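*Asks:* Got a structure for you, written out below as structure tokens; questions coming shortly.
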Amino acid sequence: MASFCSRCGTALTQKVPDGDDRTRGVCDGCGFIHYDNPRVVVGALATDAQGRVLLCKRAIAPRVGYWTLPAGFLELNETAAEGAARETMEEAGATIVDMRPLTTFDIPRIGQIYMMFRARLAGPEMAAGTESLEVGLYEWADIPWDDLAFAAVRFTLERFAIDREAGVERLHSGTIQIATERDKRASGWPRSILVDEVVVG
Ligand SMILES: [Zn+2]
């Protein structure tokens, strides 16, 4: 949340603007109201002709040293699919094609929405970008499940596996929440659980 006005630099006051129903950063200098809204994370589960999955080992915080699907914040003036392809190039040096929606996850606790695509690697080229320590293609049995960086990555991989087993391609959506003690025993992921899942297709 911003502390100073992005237009005039005056310190912001946290208050509910007239006609609004939640607290915003309001500039007492120029009157500008700063809205903090959720951000969109886009990424890809890309496979090669043998069905191996492209994974990146993170070189940057958070979760340095843990594995992720290539993903990052959507930029202005690009579509979600374009953003996912850009992130895959930036983090893994790989070109992807045949992109189709795979998962959309709401994470209201941290103000993010994940949009992950299934995709096919266009060729064998890959190289760790500045945000990755290493990149690699993983057989399903060799995916480092205990060292995945984010719940959204795990849930995306799991949904992909379910579809592949069934021979279908569907869109899975849901909300990621902090797991309760009972959830933790059931989910297999240490901190989070997927609720309100809807499967389309
Ligand atoms: Zn201002």
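Quick note on naming: the chains in the structure tokens go A, B, ... in the order shown, residues restart at 1 in each chain, and ligands are numbered from 1 in order of appearance.
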Contacts between ligand 1 and chain A, please, where a residue of chain A counts if it comes within 9 Å (with only C-alpha atoms and all ligand atoms); show its shortest atom pair and distance in Å to one decimal, rows by chain and ascending number, as a Markdown table.

*Replies:*
| residue | atom | partner | partner_atom_place_in_ligand_line | distance |
| --- | --- | --- | --- | --- |
| A:Phe4 | CA | ligand 1 | 1 (Zn) | 7.8 |
| A:Cys5 | CA | ligand 1 | 1 (Zn) | 4.6 |
| A:Ser6 | CA | ligand 1 | 1 (Zn) | 6.7 |
| A:Arg7 | CA | ligand 1 | 1 (Zn) | 5.1 |
| A:Cys8 | CA | ligand 1 | 1 (Zn) | 4.2 |
| A:Gly9 | CA | ligand 1 | 1 (Zn) | 5.9 |
| A:Thr10 | CA | ligand 1 | 1 (Zn) | 5.4 |
| A:Ala11 | CA | ligand 1 | 1 (Zn) | 8.0 |
| A:Leu12 | CA | ligand 1 | 1 (Zn) | 7.8 |
| A:Val26 | CA | ligand 1 | 1 (Zn) | 7.9 |
| A:Cys27 | CA | ligand 1 | 1 (Zn) | 4.6 |
| A:Asp28 | CA | ligand 1 | 1 (Zn) | 6.6 |
| A:Gly29 | CA | ligand 1 | 1 (Zn) | 4.8 |
| A:Cys30 | CA | ligand 1 | 1 (Zn) | 4.0 |
| A:Gly31 | CA | ligand 1 | 1 (Zn) | 5.8 |
| A:Phe32 | CA | ligand 1 | 1 (Zn) | 5.3 |
| A:Ile33 | CA | ligand 1 | 1 (Zn) | 8.2 |

*Asks:* Write a file of the just-selected residues containing C-alpha atoms, as a PDB file, in the first residue's frame.

*Replies:*
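Just written: selection13.pdb:
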ATOM      1  CA  PHE A   4       2.880   8.926  -0.588  1.00  0.00           C
ATOM      2  CA  CYS A   5       0.838  10.354  -3.430  1.00  0.00           C
ATOM      3  CA  SER A   6       2.007   9.078  -6.809  1.00  0.00           C
ATOM      4  CA  ARG A   7       1.018  12.425  -8.383  1.00  0.00           C
ATOM      5  CA  CYS A   8       2.314  15.068  -5.953  1.00  0.00           C
ATOM      6  CA  GLY A   9       4.337  13.233  -3.291  1.00  0.00           C
ATOM      7  CA  THR A  10       2.233  14.329  -0.314  1.00  0.00           C
ATOM      8  CA  ALA A  11       1.843  11.785   2.508  1.00  0.00           C
ATOM      9  CA  LEU A  12      -1.385   9.838   2.134  1.00  0.00           C
ATOM     10  CA  VAL A  26      -6.281   9.699   0.004  1.00  0.00           C
ATOM     11  CA  CYS A  27      -3.983  12.614  -0.856  1.00  0.00           C
ATOM     12  CA  ASP A  28      -4.668  15.722   1.231  1.00  0.00           C
ATOM     13  CA  GLY A  29      -2.554  17.734  -1.226  1.00  0.00           C
ATOM     14  CA  CYS A  30      -4.203  17.110  -4.602  1.00  0.00           C
ATOM     15  CA  GLY A  31      -7.164  14.922  -3.633  1.00  0.00           C
ATOM     16  CA  PHE A  32      -6.048  11.921  -5.674  1.00  0.00           C
ATOM     17  CA  ILE A  33      -7.386   8.601  -4.388  1.00  0.00           C
TER      18      ILE A  33
END

*Asks:* Write out as a VMD selection string each polymer residue whose atoms come within 12 Å of segment 73-77 of chain A, counting only C-alpha atoms; drop sequence neighbours fewer than 3 positions from it.

*Replies:* chain A and resid 38 to 43 70 80 to 88 112 to 116

*Asks:* Restricting it to C-alpha atoms, dump the selection as a compact mmCIF listing (two decimals), in the first residue's frame.

*Replies:*
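Result file is result-v4.txt:
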# COMPACT_ATOMS: atom_id res chain seq x y z
CA PRO A 38 -5.60 -7.43 -7.03
CA ARG A 39 -2.88 -8.34 -9.49
CA VAL A 40 -3.00 -11.03 -12.15
CA VAL A 41 -0.31 -13.72 -12.29
CA VAL A 42 -0.05 -15.50 -15.64
CA GLY A 43 1.95 -18.61 -16.40
CA PRO A 70 7.10 -20.12 -15.30
CA ALA A 80 -3.04 -13.18 -20.41
CA ALA A 81 -1.75 -15.73 -22.93
CA GLU A 82 0.84 -13.27 -24.22
CA GLY A 83 1.96 -12.62 -20.67
CA ALA A 84 2.32 -16.33 -19.94
CA ALA A 85 4.39 -16.81 -23.09
CA ARG A 86 6.55 -13.80 -22.19
CA GLU A 87 7.18 -15.11 -18.68
CA THR A 88 8.09 -18.53 -20.07
CA GLN A 112 -3.84 -12.17 -6.64
CA ILE A 113 -5.57 -14.07 -9.41
CA TYR A 114 -3.61 -16.82 -11.16
CA MET A 115 -4.34 -17.64 -14.79
CA MET A 116 -2.35 -20.67 -15.91

*Asks:* Fewer than 3 positions away in the same chain doesn't count, so skip those; otherwise give me all residues within 9 Å of Asp147 of chain A, counting only C-alpha atoms, as a list in words.

*Replies:*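 The residues that qualify are Gly65, Tyr66, Trp67, Thr68, Ile143 and Pro144 of chain A.
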
*Asks:* Kindly indicate which residue among A:Ala44, A:Arg52, A:Ala161, A:Gly111 lies nearest to Gly72 of chain A, using only C-alpha atoms for the distances.

*Replies:*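 Of A:Ala44, A:Arg52, A:Ala161, A:Gly111, the one nearest Gly72 of chain A, counting only C-alpha atoms, is A:Ala44.
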
*Asks:* Select from segment 100-149 of chain A everything DSSP, run on the backbone, classes as helix (DSSP H, G or I), then give the selection as a JSON list (two decimals) with C-alpha atoms, in the first residue's frame.

*Replies:*
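Generated output (out15.json):
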[["chain", "number", "residue", "atom", "x", "y", "z"],
["A", 108, "PRO", "CA", -7.99, -13.05, -2.01],
["A", 109, "ARG", "CA", -5.68, -13.25, 1.03],
["A", 110, "ILE", "CA", -2.79, -11.81, -1.02],
["A", 140, "TRP", "CA", 5.80, -36.80, -14.04],
["A", 141, "ALA", "CA", 7.27, -39.14, -11.42],
["A", 142, "ASP", "CA", 10.28, -36.85, -10.97],
["A", 145, "TRP", "CA", 6.40, -32.14, -5.19],
["A", 146, "ASP", "CA", 7.91, -31.36, -1.80],
["A", 147, "ASP", "CA", 9.91, -28.43, -3.17]]

*Asks:* To one decimal place in Å, what is the distance between atom CA of Ser173 of chain A and atom CA of Pro62 of chain A?

*Replies:*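 Result for atom CA of Ser173 of chain A versus atom CA of Pro62 of chain A: 24.0 Å, one decimal.
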
*Asks:* Which one of A:Asp106, A:Glu165, A:Glu134, A:Asp20 sits closest to Gly93 of chain A if you count only C-alpha atoms?

*Replies:* A:Glu134

*Asks:* Rank A:Thr95, A:Ser3, A:Thr47, A:Thr103 by their smallest atom-to-atom distance to Glu139 of chain A, using only C-alpha atoms, and report the top residue only.

*Replies:*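 Using only C-alpha atoms, Glu139 of chain A sits closest to A:Thr47.
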
*Asks:* I'd like the neighbourhood of Ala128 of chain A as a list in words, where a residue qualifies if any of its atoms comes within 12 Å (using only C-alpha atoms), though same-chain residues fewer than 3 positions away should be ignored.

*Replies:*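 Contacts, with the query itself left out: Leu54, Leu55, Cys56, Lys57, Arg58, Ala59, Pro70, Glu87, Thr88, Met89, Glu90, Glu91, Ala92, Gly93, Ala94, Glu125, Glu131, Ser132, Leu133, Glu134, Val135 and Gly136 of chain A.
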
*Asks:* Where does DSSP see strand (DSSP E or B) in chain A, if you list the residues as a ChimeraX atom specification?

*Replies:* /A:4,11-15,24-27,33-34,39-47,53-58,67-68,71-73,96-107,112-121,132-138,148,171-178,192-200

*Asks:* When you look at Arg118 of chain A with a cut-off of 8 Å (counting only C-alpha atoms), what residues show up, excluding the ones that are within fewer than 5 positions of it in the same chain? I need them as an MDAnalysis selection string.

*Replies:* chainID A and resid 44:46 98:102

*Asks:* What does the file look like for those residues with N, CA and C atoms, as a compact mmCIF listing (two decimals), in the first residue's frame?

*Replies:*
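Saved the output as selection.txt:
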# COMPACT_ATOMS: atom_id res chain seq x y z
N ALA A 44 2.45 -20.74 -17.38
CA ALA A 44 2.21 -21.86 -18.29
C ALA A 44 2.72 -23.17 -17.72
N LEU A 45 1.93 -24.22 -17.98
CA LEU A 45 2.40 -25.59 -17.79
C LEU A 45 2.70 -26.11 -19.19
N ALA A 46 3.97 -26.06 -19.54
CA ALA A 46 4.40 -26.43 -20.89
C ALA A 46 5.00 -27.81 -20.88
N ASP A 98 0.23 -23.30 -28.83
CA ASP A 98 -1.00 -24.06 -28.52
C ASP A 98 -1.46 -23.84 -27.09
N MET A 99 -1.57 -22.58 -26.68
CA MET A 99 -1.94 -22.28 -25.30
C MET A 99 -3.45 -22.36 -25.11
N ARG A 100 -3.85 -22.99 -24.03
CA ARG A 100 -5.27 -23.09 -23.68
C ARG A 100 -5.43 -22.94 -22.17
N PRO A 101 -6.50 -22.31 -21.72
CA PRO A 101 -6.67 -22.10 -20.27
C PRO A 101 -6.70 -23.43 -19.52
N LEU A 102 -6.01 -23.46 -18.37
CA LEU A 102 -5.95 -24.67 -17.55
C LEU A 102 -6.52 -24.41 -16.16

*Asks:* Near Val199 of chain A, within 9 Å and counting only C-alpha atoms, which residues show up once chain neighbours fewer than 3 positions away are dropped, as a PyMOL selection string?

*Replies:* chain A and resi 170-174

*Asks:* Take the residues from that selection and write them out as a compact mmCIF listing (two decimals), in the first residue's frame, keeping C-alpha atoms.

*Replies:*
# COMPACT_ATOMS: atom_id res chain seq x y z
CA ARG A 170 -10.72 -28.63 -19.06
CA LEU A 171 -10.61 -25.32 -17.20
CA HIS A 172 -10.36 -25.60 -13.43
CA SER A 173 -11.14 -22.65 -11.18
CA GLY A 174 -11.23 -22.22 -7.44

*Asks:* Quick one: pull the distance between atom CA of Val97 of chain A and atom CA of Glu78 of chain A, Å, one decimal.

*Replies:*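 Taking atom CA of Val97 of chain A as the start and atom CA of Glu78 of chain A as the end point, the length is 16.2 Å.
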
*Asks:* Give me, as a list in words, all polymer residues having an atom no more than 7 Å from Gln14 of chain A, counting only C-alpha atoms and skipping those fewer than 6 positions away in the same chain.

*Replies:*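 My reading of the contact set: Thr23, Arg24, Gly25 and Val26 of chain A.
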
*Asks:* Selected residues, C-alpha atoms, written as a PDB file, in the first residue's frame, please.

*Replies:*
ATOM      1  CA  THR A  23     -10.377   2.612   3.281  1.00  0.00           C
ATOM      2  CA  ARG A  24      -8.119   4.119   0.583  1.00  0.00           C
ATOM      3  CA  GLY A  25      -4.960   6.149   0.503  1.00  0.00           C
ATOM      4  CA  VAL A  26      -6.281   9.699   0.004  1.00  0.00           C
TER       5      VAL A  26
END

*Asks:* Measuring atom to atom with only C-alpha atoms, identify which of A:Ala119, A:Leu194, A:Ala166, A:Val153 is nearest to Thr180 of chain A.

*Replies:*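 So, comparing all the options, the nearest one is A:Leu194.
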